[in-house]
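Trainee: The file below is work21.cif, mmCIF, C-alpha atoms:
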data_coords
#
loop_
_atom_site.label_atom_id
_atom_site.label_comp_id
_atom_site.auth_asym_id
_atom_site.auth_seq_id
_atom_site.Cartn_x
_atom_site.Cartn_y
_atom_site.Cartn_z
CA MET A 6 -47.27 -90.92 128.34
CA SER A 7 -46.36 -87.57 129.82
CA GLY A 8 -44.69 -87.50 133.18
CA PRO A 9 -45.88 -85.83 136.36
CA VAL A 10 -46.59 -82.14 136.14
CA ARG A 11 -45.16 -80.00 138.88
CA VAL A 12 -47.00 -76.84 139.88
CA GLU A 13 -44.93 -74.22 141.59
CA PRO A 14 -46.66 -71.52 143.65
CA THR A 15 -45.06 -68.16 142.90
CA SER A 16 -47.43 -65.71 144.59
CA PRO A 17 -48.50 -65.29 148.24
CA MET A 18 -52.15 -65.90 147.32
CA THR A 19 -51.33 -69.14 145.57
CA LYS A 20 -49.17 -70.41 148.41
CA SER A 21 -51.97 -69.69 150.85
CA ASN A 22 -54.45 -71.57 148.72
CA LEU A 23 -52.19 -74.55 148.26
CA GLY A 24 -51.11 -74.65 151.87
CA THR A 25 -47.47 -75.34 150.98
CA ASP A 26 -44.51 -73.66 149.31
CA SER A 27 -43.22 -76.84 147.69
CA PRO A 28 -43.94 -77.91 144.11
CA ARG A 29 -46.68 -80.48 143.70
CA LYS A 30 -47.25 -83.38 141.33
CA MET A 31 -50.68 -82.76 139.89
CA ALA A 32 -51.17 -84.96 136.85
CA ASN A 33 -49.73 -87.98 135.11
CA ALA A 34 -51.29 -87.70 131.66
CA THR A 35 -50.96 -85.53 128.63
CA ILE A 36 -52.39 -82.10 129.42
CA PRO A 37 -54.64 -80.29 126.95
CA ASP A 38 -53.88 -76.85 125.58
CA LEU A 39 -53.09 -74.61 128.52
CA SER A 40 -53.91 -71.27 126.95
CA ARG A 41 -57.09 -70.82 128.99
CA GLN A 42 -56.57 -68.73 132.10
CA ARG A 43 -58.71 -70.87 134.36
CA PHE A 44 -58.94 -74.23 136.05
CA LYS A 45 -60.83 -77.01 134.33
CA GLN A 46 -61.77 -80.08 136.34
CA ASN A 47 -62.99 -83.18 134.57
CA SER A 48 -65.26 -85.86 135.97
CA GLY A 49 -62.25 -88.11 136.60
CA ASN A 50 -59.34 -87.69 138.98
CA ILE A 51 -57.19 -85.61 136.64
CA ILE A 52 -57.28 -81.87 137.14
CA TYR A 53 -56.13 -79.86 134.18
CA LEU A 54 -54.29 -76.86 135.54
CA ILE A 55 -53.95 -73.65 133.59
CA LEU A 56 -51.53 -70.87 134.29
CA ILE A 57 -53.43 -68.96 136.96
CA SER A 58 -52.55 -66.83 139.96
CA GLY A 59 -48.81 -67.15 139.31
CA LEU A 60 -48.74 -70.94 138.94
CA LYS A 61 -46.21 -72.24 136.45
CA LEU A 62 -46.61 -75.73 135.08
CA LEU A 63 -43.51 -77.85 134.62
CA GLU A 64 -44.41 -80.20 131.79
CA ARG A 65 -42.30 -83.33 131.42
CA TYR A 66 -42.34 -86.68 129.66
CA GLY A 67 -41.51 -90.05 131.14
CA MET A 68 -42.68 -93.62 131.40
CA SER A 69 -42.02 -96.66 133.57
CA GLU A 70 -39.56 -98.09 131.04
CA VAL A 71 -37.27 -95.06 131.00
CA GLY A 72 -38.04 -92.93 134.07
CA MET A 73 -38.16 -89.19 133.39
CA ALA A 74 -36.70 -88.45 129.96
CA LEU A 75 -37.73 -85.02 128.64
CA SER A 76 -38.37 -81.85 130.56
CA ASN A 77 -38.89 -78.14 130.41
CA PRO A 78 -36.38 -76.29 132.59
CA TYR A 79 -37.11 -76.00 136.30
CA ARG A 80 -35.38 -72.64 136.18
CA PRO A 81 -35.94 -70.12 134.75
CA LEU A 82 -39.72 -70.20 134.84
CA GLU A 83 -39.85 -68.23 131.61
CA GLY A 84 -38.11 -71.11 129.83
CA ARG A 85 -41.12 -73.40 130.19
CA LEU A 86 -43.12 -73.63 126.98
CA VAL A 87 -46.81 -74.39 127.37
CA GLY A 88 -47.94 -77.60 125.70
CA ARG A 89 -44.40 -78.86 125.15
CA VAL A 90 -42.23 -81.28 127.13
CA GLY A 91 -38.86 -79.66 126.58
CA VAL A 92 -35.64 -81.48 125.74
CA PRO A 93 -33.80 -84.60 126.92
CA LEU A 94 -32.56 -84.58 130.47
CA PRO A 95 -28.77 -85.00 130.91
CA GLY A 96 -27.64 -88.42 129.76
CA VAL A 97 -30.76 -89.01 127.64
CA SER A 98 -30.96 -89.04 123.84
CA ALA A 99 -34.22 -88.60 121.94
CA ARG A 100 -34.98 -89.39 118.32
CA ILE A 101 -37.97 -88.90 116.06
CA ALA A 102 -38.23 -91.48 113.32
CA GLU A 103 -40.65 -92.95 110.79
CA PHE A 104 -41.03 -96.68 110.18
CA LYS A 105 -41.99 -97.95 106.74
CA ASP A 106 -41.97 -101.70 106.15
CA ASN A 107 -39.94 -102.04 109.37
CA VAL A 108 -37.25 -99.73 107.97
CA MET A 109 -36.41 -96.79 110.22
CA GLU A 110 -35.94 -93.33 108.75
CA THR A 111 -34.38 -90.97 111.29
CA MET A 112 -35.71 -87.43 111.19
CA VAL A 113 -34.03 -85.76 114.16
CA ASP A 114 -31.67 -86.76 116.99
CA VAL A 115 -31.26 -84.66 120.12
CA THR A 116 -28.52 -85.69 122.53
CA GLY A 117 -27.45 -84.10 125.80
CA ASP A 118 -24.16 -84.39 127.65
CA MET A 119 -23.82 -86.94 130.42
CA PRO A 120 -24.62 -85.39 133.82
CA ASP A 121 -21.81 -84.16 136.05
CA LEU A 122 -22.13 -86.36 139.13
CA GLN A 123 -19.32 -84.75 141.10
CA ILE A 124 -20.52 -83.28 144.40
CA SER A 125 -19.16 -79.91 145.49
CA LEU A 126 -20.02 -77.29 148.09
CA ASP A 127 -20.77 -74.80 145.31
CA LYS A 128 -23.40 -77.09 143.78
CA LEU A 129 -24.95 -77.62 147.20
CA GLY A 130 -25.22 -73.87 147.68
CA LEU A 131 -23.03 -73.95 150.78
CA THR A 132 -20.53 -71.34 149.64
CA GLY A 133 -20.83 -67.68 148.86
CA SER A 134 -20.25 -68.18 145.16
CA PRO A 135 -23.16 -67.66 142.73
CA SER A 136 -25.36 -70.72 142.32
CA ILE A 137 -24.81 -72.78 139.22
CA LYS A 138 -27.51 -72.51 136.56
CA GLU A 139 -29.99 -75.34 136.41
CA PHE A 140 -30.54 -77.13 133.15
CA ASP A 141 -27.62 -75.43 131.41
CA ASN A 142 -26.85 -78.51 129.36
CA ASP A 143 -25.73 -78.25 125.75
CA TRP A 144 -27.74 -80.32 123.29
CA LYS A 145 -26.52 -81.63 119.99
CA VAL A 146 -29.31 -81.56 117.42
CA ASN A 147 -28.90 -83.54 114.23
CA GLU A 148 -31.79 -82.89 111.84
CA THR A 149 -31.73 -85.28 108.92
CA LYS A 150 -35.18 -84.53 107.53
CA LEU A 151 -37.60 -81.66 107.97
CA ILE A 152 -41.34 -81.59 107.40
CA ASP A 153 -43.15 -78.31 106.67
CA SER A 154 -39.76 -76.57 106.77
CA ASP A 155 -39.47 -76.45 110.56
CA VAL A 156 -41.32 -79.40 112.11
CA CYS A 157 -40.34 -83.08 112.40
CA GLU A 158 -43.08 -85.58 113.25
CA GLY A 159 -42.83 -89.29 113.95
CA GLU A 160 -42.47 -91.91 116.66
CA LEU A 161 -40.43 -90.91 119.72
CA LEU A 162 -37.42 -93.12 120.47
CA LEU A 163 -35.22 -92.91 123.56
CA LYS A 164 -31.78 -94.08 124.59
CA GLY A 165 -29.82 -93.68 127.81
CA PRO A 166 -28.49 -95.44 130.93
CA ALA A 167 -31.92 -95.35 132.64
CA VAL A 168 -33.75 -97.10 129.78
CA PHE A 169 -34.83 -100.63 130.69
CA THR A 170 -33.44 -103.64 128.85
CA ARG A 171 -36.53 -105.88 128.57
CA TYR A 172 -39.91 -106.58 130.11
CA TRP A 173 -40.26 -108.86 133.12
CA ASN A 174 -40.60 -112.56 132.27
CA ARG A 175 -39.96 -111.89 128.59
CA ALA A 176 -36.92 -113.65 127.19
CA PRO A 177 -34.23 -111.47 125.56
CA SER A 178 -34.48 -111.40 121.79
CA ALA A 179 -32.32 -109.89 119.10
CA PHE A 180 -35.50 -109.26 117.10
CA SER A 181 -37.56 -107.55 119.81
CA SER A 182 -40.00 -104.98 118.45
CA ASP A 183 -39.46 -102.90 121.58
CA PHE A 184 -36.03 -101.75 120.38
CA THR A 185 -34.46 -100.83 117.07
CA SER A 186 -31.46 -102.73 115.78
CA ASP A 187 -29.16 -99.96 117.05
CA GLY A 188 -30.58 -99.97 120.57
CA TRP A 189 -33.25 -97.22 120.59
CA PHE A 190 -36.36 -97.89 122.68
CA ARG A 191 -39.62 -97.41 120.77
CA THR A 192 -41.97 -95.56 123.09
CA GLY A 193 -45.08 -95.97 120.93
CA ASP A 194 -45.76 -92.24 121.27
CA MET A 195 -45.98 -89.80 118.39
CA ALA A 196 -44.07 -86.56 118.89
CA SER A 197 -43.02 -83.48 117.00
CA PHE A 198 -39.82 -81.45 117.26
CA SER A 199 -39.77 -77.75 116.49
CA GLN A 200 -38.35 -74.57 117.98
CA GLY A 201 -35.78 -76.69 119.78
CA THR A 202 -38.28 -78.65 121.92
CA PHE A 203 -40.49 -81.75 121.78
CA LYS A 204 -44.27 -81.97 121.83
CA ILE A 205 -46.20 -85.19 122.51
CA MET A 206 -49.00 -85.84 120.03
CA GLY A 207 -50.35 -89.08 121.51
CA ARG A 208 -50.10 -92.84 121.30
CA THR A 209 -49.53 -94.20 117.83
CA SER A 210 -52.18 -96.87 118.48
CA VAL A 211 -55.10 -94.77 119.78
CA ASP A 212 -54.30 -91.06 119.59
CA ILE A 213 -53.18 -90.72 115.97
CA ILE A 214 -56.08 -90.74 113.51
CA LYS A 215 -55.33 -91.29 109.82
CA THR A 216 -58.11 -89.63 107.89
CA GLY A 217 -58.19 -88.78 104.19
CA GLY A 218 -54.39 -88.82 103.92
CA TYR A 219 -53.87 -86.65 107.03
CA LYS A 220 -52.54 -87.60 110.44
CA VAL A 221 -54.63 -86.02 113.18
CA SER A 222 -53.64 -85.88 116.85
CA ALA A 223 -56.66 -86.82 118.96
CA LEU A 224 -55.10 -84.93 121.87
CA GLN A 225 -54.93 -81.73 119.86
CA VAL A 226 -58.57 -82.06 118.85
CA GLU A 227 -59.61 -82.84 122.43
CA SER A 228 -57.75 -79.76 123.60
CA ALA A 229 -59.63 -77.57 121.15
CA LEU A 230 -63.01 -79.09 121.98
CA LEU A 231 -62.46 -78.55 125.70
CA GLU A 232 -62.41 -74.83 124.93
CA HIS A 233 -66.16 -75.01 124.24
CA PRO A 234 -68.01 -73.47 127.21
CA ASP A 235 -70.66 -76.23 127.26
CA ILE A 236 -68.26 -79.21 127.33
CA SER A 237 -67.02 -80.74 130.58
CA ASP A 238 -65.20 -83.76 129.15
CA VAL A 239 -64.38 -85.19 125.74
CA ALA A 240 -62.72 -88.15 124.06
CA VAL A 241 -61.75 -88.13 120.38
CA LEU A 242 -61.55 -91.42 118.49
CA GLY A 243 -60.71 -92.60 115.02
CA ILE A 244 -63.64 -94.63 113.66
CA PRO A 245 -63.06 -96.86 110.59
CA ASP A 246 -64.59 -95.51 107.39
CA GLN A 247 -64.51 -96.93 103.86
CA HIS A 248 -63.95 -93.53 102.23
CA TYR A 249 -61.58 -91.75 104.64
CA GLY A 250 -59.83 -94.72 106.22
CA GLU A 251 -60.80 -93.28 109.59
CA ILE A 252 -62.99 -90.36 110.62
CA VAL A 253 -62.53 -88.02 113.57
CA SER A 254 -65.33 -88.64 116.08
CA ALA A 255 -66.09 -87.10 119.45
CA VAL A 256 -67.65 -88.52 122.61
CA VAL A 257 -68.79 -85.54 124.67
CA ALA A 258 -69.99 -84.98 128.22
CA LEU A 259 -71.79 -81.67 128.74
CA LYS A 260 -72.06 -79.39 131.72
CA GLU A 261 -75.34 -79.58 133.62
CA GLY A 262 -78.25 -78.05 131.79
CA ARG A 263 -76.34 -77.50 128.53
CA SER A 264 -77.09 -78.76 125.03
CA LEU A 265 -74.94 -79.02 121.92
CA THR A 266 -75.28 -80.03 118.28
CA LEU A 267 -72.54 -81.29 116.00
CA ARG A 268 -72.85 -78.15 113.86
CA GLU A 269 -72.43 -75.91 116.92
CA LEU A 270 -69.41 -77.95 117.98
CA LYS A 271 -67.79 -77.67 114.54
CA ASP A 272 -68.48 -73.94 114.29
CA GLU A 273 -66.69 -73.28 117.58
CA ALA A 274 -63.86 -75.79 117.10
CA GLY A 275 -63.31 -74.55 113.53
CA LYS A 276 -61.81 -71.40 115.02
CA ARG A 277 -58.88 -73.50 116.28
CA LEU A 278 -58.74 -76.54 114.00
CA ALA A 279 -58.31 -77.23 110.31
CA PRO A 280 -61.37 -78.64 108.49
CA TYR A 281 -59.90 -82.16 108.28
CA GLN A 282 -59.43 -82.16 112.09
CA LEU A 283 -63.10 -81.46 112.87
CA PRO A 284 -65.30 -84.30 114.15
CA LYS A 285 -67.64 -85.79 111.56
CA THR A 286 -69.75 -87.58 114.16
CA MET A 287 -70.55 -86.96 117.82
CA VAL A 288 -72.34 -88.72 120.65
CA ILE A 289 -73.28 -87.11 123.97
CA VAL A 290 -72.90 -89.15 127.16
CA ASP A 291 -73.63 -88.55 130.82
CA GLN A 292 -70.23 -89.65 132.09
CA MET A 293 -66.93 -90.47 130.45
CA PRO A 294 -65.38 -93.87 131.26
CA ARG A 295 -61.98 -93.51 132.95
CA ASN A 296 -59.55 -96.02 134.38
CA ALA A 297 -58.22 -96.27 137.92
CA MET A 298 -55.55 -93.68 137.08
CA GLY A 299 -58.21 -91.16 136.03
CA LYS A 300 -57.27 -91.38 132.37
CA LEU A 301 -59.76 -91.70 129.54
CA ASP A 302 -60.40 -95.40 128.91
CA LYS A 303 -60.60 -95.17 125.13
CA LYS A 304 -60.84 -98.90 124.69
CA LEU A 305 -64.00 -99.00 126.80
CA ILE A 306 -65.29 -95.78 125.23
CA ARG A 307 -64.92 -97.35 121.78
CA GLN A 308 -66.69 -100.52 122.92
CA GLN A 309 -69.62 -98.61 124.40
CA PHE A 310 -70.12 -95.87 121.82
CA GLY A 311 -68.24 -96.93 118.65
CA GLU A 312 -71.34 -98.10 116.76
CA LYS A 313 -73.07 -94.77 117.38
CA LEU A 314 -70.13 -92.88 115.83
CA VAL A 315 -70.22 -94.52 112.39
CA PHE A 316 -70.36 -91.86 109.66
CA LYS A 317 -73.53 -92.16 107.58
CA GLN A 318 -73.39 -90.19 104.34
#
Take the structure I supplied and represent it as structure tokens, if you would.
Mentor:
Amino acid sequence: MSGPVRVEPTSPMTKSNLGTDSPRKMANATIPDLSRQRFKQNSGNIIYLILISGLKLLERYGMSEVGMALSNPYRPLEGRLVGRVGVPLPGVSARIAEFKDNVMETMVDVTGDMPDLQISLDKLGLTGSPSIKEFDNDWKVNETKLIDSDVCEGELLLKGPAVFTRYWNRAPSAFSSDFTSDGWFRTGDMASFSQGTFKIMGRTSVDIIKTGGYKVSALQVESALLEHPDISDVAVLGIPDQHYGEIVSAVVALKEGRSLTLRELKDEAGKRLAPYQLPKTMVIVDQMPRNAMGKLDKKLIRQQFGEKLVFKQ
């Protein structure tokens, strides 16, 4: 899952509204497309923040097993790429790989130098010398396979001194599925690497939909559907289908007093998505089930609405 998102106030108006000059942690889930210049608040506890009034999102990726692993730069602000989680933090290595019949095929490795842990007055900003650049690490990128000329896609693997060794109360095993034979931790997240940075596509188990020979990121589809002016919340699921393998389906919560048909949804979303990414079925609900963390509870959503999303030709 994506790590906390820090929001840094950069204008007097924003600081006044926030009531503090310090960065804030605002979300702990993957954030939809941030191209809209407005706030969007869902029915849960997560607030999706868009670049507005000088705010700059710092998108990162981390999980309990590894701590914070990937990040956009804290400085300069212009170095933060919307919708991407940056590069490995110092001391962390990241890999994108495909697994076929339990055989790993490495597609790209990105490795940063170990952090310099020496403390000096210059680094603390206590001397008159210019401050040292933040995030000026050099990364070694080893691309072994490219897809679509410039993009690598696959499961995200991590390695580094902060990565855990095993789960609590689980005996060590040389054949653990949590790690590869050469010591890489399998995060279970799908990611892509392009333009020198990583992008999280979703969990391999619930957020990657295999439909008609294509792999569709549910998060990308959700992001596009949230652009619709009548939609307040949405969950995209892969529903089993005998012809397509899975179909893209949408569970939608509407704003008060609004209505929406599947055709209207597809017409609007088709401006941002390829035809194979468009939902084939849709169900409208009053409220979207979320867990205690405010995240979409897709397991419960599937249990409650899965039968209504079956594609009937």
Trainee: Apply the PyMOL selection byres ((chain A and resi 242) around 8) to the file shown and report the selected residues as JSON, numbers by chain.
Mentor: {"A": [211, 212, 214, 223, 240, 241, 243, 244, 253, 254, 255, 256, 303, 307]}
Trainee: Please measure the separation of CA of Ala229 (chain A) and CA of Ala274 (chain A), giving the value in Å to one decimal.
Mentor: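 Computing the Euclidean distance for CA of Ala229 (chain A) and CA of Ala274 (chain A) yields 6.1 Å.
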Trainee: One decimal, Å: what's the distance from CA of Ala279 (chain A) over to CA of Val239 (chain A), could you say?
Mentor: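 So the two atoms, CA of Ala279 (chain A) and CA of Val239 (chain A), lie 18.4 Å apart.
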Trainee: Got a sec: who's within 12 Å of Gly218 (chain A), counting only C-alpha atoms, leaving out chain neighbours fewer than 6 positions off, as a PDB file with C-alpha atoms, keeping the file's coordinate frame?
Mentor:
ATOM      1  CA  HIS A 248     -63.950 -93.530 102.230  1.00  0.00           C
ATOM      2  CA  TYR A 249     -61.580 -91.750 104.640  1.00  0.00           C
ATOM      3  CA  GLY A 250     -59.830 -94.720 106.220  1.00  0.00           C
ATOM      4  CA  GLU A 251     -60.800 -93.280 109.590  1.00  0.00           C
ATOM      5  CA  ILE A 252     -62.990 -90.360 110.620  1.00  0.00           C
ATOM      6  CA  TYR A 281     -59.900 -82.160 108.280  1.00  0.00           C
ATOM      7  CA  GLN A 282     -59.430 -82.160 112.090  1.00  0.00           C
TER       8      GLN A 282
END
Trainee: What does the distance between CA of Asn77 (chain A) and CA of Leu63 (chain A) come to in Å, to one decimal place?
Mentor: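 Interatomic distance, CA of Asn77 (chain A) to CA of Leu63 (chain A): 6.3 Å.
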Trainee: Could you give me the centre and size, in Å to one decimal, of an axis-aligned box around all listed atoms of region 107-113 of chain A with 4 Å added on every side, as JSON?
Mentor:
{"center_x": -37.0, "center_y": -93.9, "center_z": 111.1, "size_x": 13.9, "size_y": 24.3, "size_z": 14.2}
Trainee: Can region 240-251 of chain A be brought up to all heavy atoms and written out as a compact mmCIF listing (two decimals), in the coordinates of the input?
Mentor:
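In the end it all went to selection.txt:
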# COMPACT_ATOMS: atom_id res chain seq x y z
N ALA A 240 -63.66 -87.16 124.58
CA ALA A 240 -62.72 -88.15 124.06
C ALA A 240 -62.86 -88.17 122.55
O ALA A 240 -63.98 -88.22 122.03
CB ALA A 240 -62.99 -89.54 124.63
N VAL A 241 -61.75 -88.12 121.84
CA VAL A 241 -61.75 -88.13 120.38
C VAL A 241 -61.20 -89.47 119.90
O VAL A 241 -60.13 -89.91 120.34
CB VAL A 241 -60.94 -86.96 119.81
CG1 VAL A 241 -60.75 -87.09 118.31
CG2 VAL A 241 -61.62 -85.63 120.16
N LEU A 242 -61.92 -90.10 118.99
CA LEU A 242 -61.55 -91.42 118.49
C LEU A 242 -61.48 -91.41 116.98
O LEU A 242 -62.11 -90.58 116.31
CB LEU A 242 -62.59 -92.46 118.91
CG LEU A 242 -62.94 -92.59 120.40
CD1 LEU A 242 -64.07 -93.57 120.57
CD2 LEU A 242 -61.73 -93.01 121.20
N GLY A 243 -60.72 -92.35 116.45
CA GLY A 243 -60.71 -92.60 115.02
C GLY A 243 -61.61 -93.80 114.72
O GLY A 243 -61.35 -94.91 115.19
N ILE A 244 -62.68 -93.57 113.97
CA ILE A 244 -63.64 -94.63 113.66
C ILE A 244 -63.43 -95.07 112.21
O ILE A 244 -63.37 -94.24 111.30
CB ILE A 244 -65.08 -94.13 113.85
CG1 ILE A 244 -65.29 -93.66 115.30
CG2 ILE A 244 -66.08 -95.20 113.48
CD1 ILE A 244 -65.11 -94.74 116.34
N PRO A 245 -63.29 -96.37 111.96
CA PRO A 245 -63.06 -96.86 110.59
C PRO A 245 -64.13 -96.37 109.62
O PRO A 245 -65.32 -96.32 109.96
CB PRO A 245 -63.11 -98.38 110.75
CG PRO A 245 -62.73 -98.62 112.17
CD PRO A 245 -63.30 -97.47 112.95
N ASP A 246 -63.67 -96.00 108.42
CA ASP A 246 -64.59 -95.51 107.39
C ASP A 246 -64.05 -95.94 106.03
O ASP A 246 -62.85 -95.84 105.75
CB ASP A 246 -64.70 -93.99 107.47
CG ASP A 246 -65.67 -93.42 106.45
OD1 ASP A 246 -66.88 -93.41 106.73
OD2 ASP A 246 -65.21 -93.01 105.38
N GLN A 247 -64.94 -96.39 105.15
CA GLN A 247 -64.51 -96.93 103.86
C GLN A 247 -64.01 -95.85 102.91
O GLN A 247 -63.25 -96.14 101.98
CB GLN A 247 -65.66 -97.69 103.20
CG GLN A 247 -66.89 -96.86 102.91
CD GLN A 247 -67.99 -97.66 102.24
OE1 GLN A 247 -67.74 -98.77 101.75
NE2 GLN A 247 -69.21 -97.13 102.22
N HIS A 248 -64.38 -94.61 103.12
CA HIS A 248 -63.95 -93.53 102.23
C HIS A 248 -62.71 -92.81 102.76
O HIS A 248 -61.79 -92.49 102.00
CB HIS A 248 -65.08 -92.52 102.03
CG HIS A 248 -66.29 -93.09 101.39
ND1 HIS A 248 -66.32 -93.51 100.07
CD2 HIS A 248 -67.54 -93.35 101.89
CE1 HIS A 248 -67.52 -93.98 99.78
NE2 HIS A 248 -68.27 -93.90 100.87
N TYR A 249 -62.66 -92.54 104.05
CA TYR A 249 -61.58 -91.75 104.64
C TYR A 249 -60.50 -92.61 105.31
O TYR A 249 -59.47 -92.09 105.71
CB TYR A 249 -62.14 -90.78 105.69
CG TYR A 249 -63.03 -89.70 105.10
CD1 TYR A 249 -64.41 -89.87 105.04
CD2 TYR A 249 -62.49 -88.52 104.61
CE1 TYR A 249 -65.23 -88.89 104.51
CE2 TYR A 249 -63.30 -87.53 104.09
CZ TYR A 249 -64.67 -87.73 104.03
OH TYR A 249 -65.48 -86.75 103.51
N GLY A 250 -60.74 -93.89 105.43
CA GLY A 250 -59.83 -94.72 106.22
C GLY A 250 -60.28 -94.71 107.67
O GLY A 250 -60.62 -95.74 108.25
N GLU A 251 -60.25 -93.53 108.27
CA GLU A 251 -60.80 -93.28 109.59
C GLU A 251 -61.45 -91.89 109.57
O GLU A 251 -61.07 -91.04 108.77
CB GLU A 251 -59.73 -93.30 110.69
CG GLU A 251 -59.16 -94.66 111.01
CD GLU A 251 -58.14 -94.59 112.13
OE1 GLU A 251 -57.16 -93.82 111.98
OE2 GLU A 251 -58.30 -95.28 113.15
